[in-house]
Amino acid sequence: MAGLKRTMCSRCVKKVCSPRIKSGETPNLENAPDFCPMKLLPEVLEDVKQEYQKTDIKEFARQASIQEFECYEHVDGGLRTKNPRILELIQFAGKNNYKRLGLAFCGGLAYEAGLLTDILENKGFEVV
Ligand code: SF4
């Protein structure tokens with residue numbers, strides 16, 4: 001398609017965006033591949049920076065960081081998760097005071113979606 005800017009992080013071997021670019025820092029784009037979204041779509045990055053300044057978005061990100069911190073532990077073999085993802089989801093929803101959760105799933109996972117609905121409803125959530 002003419003004019004379409006095609007980004008491809010899935011093909012990137014340089015990953016200058018990771019790990020851990022500090023807040024306010026900009027990755028060195030000279031080493032980024034030509035299909036890097038930071039090169040192709042700088043206006044989107046600017047929009048994202050503005051979005052992160054919104055109070056509710058900041059709080060969501062803060063709670064997500066807390067949740068992630070709580071769900072990993074250091075052991076002799078390295079870092080590992082200590083909570084199942086469903087428990088993590090329930091804890092995160094609780095931190096954000098969410099009462100209603102939406103499920104998106106394909107037809108092949110309808111049975112599992114039903115099981116998850118039971119779990120979430122038993123935890124007091126409205127599931128849509
Ligand atoms: S954002 Fe750029 S540097 Fe990071 S993975 Fe994607 S293409 Fe690579």
# chains A, B, ... in the order shown; residues from 1 in each chain; ligands from 1

call {"tool": "residues_around", "arguments": {"residues": "region 85-90 of chain A", "least_positions_apart": "6", "cutoff": "10 Å", "atoms": "only C-alpha atoms", "output": "list in words"}}
result
Gln67, Glu68, Glu70, Cys71, Tyr98, Leu101, Leu116, Ile119, Leu120, Lys123, Gly124 and Phe125 of chain A

call {"tool": "residues_near_ligand", "arguments": {"ligand": "ligand 1", "cutoff": "9 Å", "atoms": "only C-alpha atoms and all ligand atoms", "output": "list of chain:residue names"}}
result
A:Thr7, A:Met8, A:Cys9, A:Ser10, A:Arg11, A:Cys12, A:Val13, A:Lys14, A:Lys15, A:Val16, A:Cys17, A:Ser18, A:Pro27, A:Leu29, A:Asn31, A:Ala32, A:Pro33, A:Asp34, A:Phe35, A:Cys36, A:Pro37, A:Met38, A:Lys39

call {"tool": "atom_distance", "arguments": {"atom1": "CA of Lys5 (chain A)", "atom2": "CA of Glu43 (chain A)"}}
result
12.6 Å

call {"tool": "select_by_dssp", "arguments": {"residues": "chain A", "states": "alpha helix (DSSP H)", "output": "ChimeraX atom specification"}}
result
/A:37-40,42-51,55-70,85-95,110-122

call {"tool": "select_by_dssp", "arguments": {"residues": "chain A", "states": "strand (DSSP E)", "output": "PyMOL selection string"}}
result
chain A and resi 72-75+78-81+100-101+126-127

call {"tool": "write_last_selection", "arguments": {"atoms": "C-alpha atoms", "output": "short mmCIF file (atom, residue, chain, number, x, y, z; two decimals), in the first residue's frame"}}
result
data_model
loop_
_atom_site.label_atom_id
_atom_site.label_comp_id
_atom_site.auth_asym_id
_atom_site.auth_seq_id
_atom_site.Cartn_x
_atom_site.Cartn_y
_atom_site.Cartn_z
CA TYR A 72 7.65 -11.64 40.69
CA GLU A 73 10.23 -12.95 43.10
CA HIS A 74 13.96 -13.51 42.99
CA VAL A 75 15.01 -17.10 43.55
CA GLY A 78 16.63 -15.99 38.70
CA LEU A 79 13.38 -14.12 38.49
CA ARG A 80 10.08 -16.00 38.45
CA THR A 81 6.40 -15.26 38.69
CA ARG A 100 -16.94 -4.62 35.49
CA LEU A 101 -14.50 -6.57 33.34
CA GLU A 126 -19.60 -8.09 36.60
CA VAL A 127 -18.36 -9.75 33.41
#

call {"tool": "closest_residue", "arguments": {"among": "A:Ala64, A:Lys82, A:Phe69, A:Thr117", "to": "Gly102 (chain A)", "atoms": "only C-alpha atoms"}}
result
A:Thr117
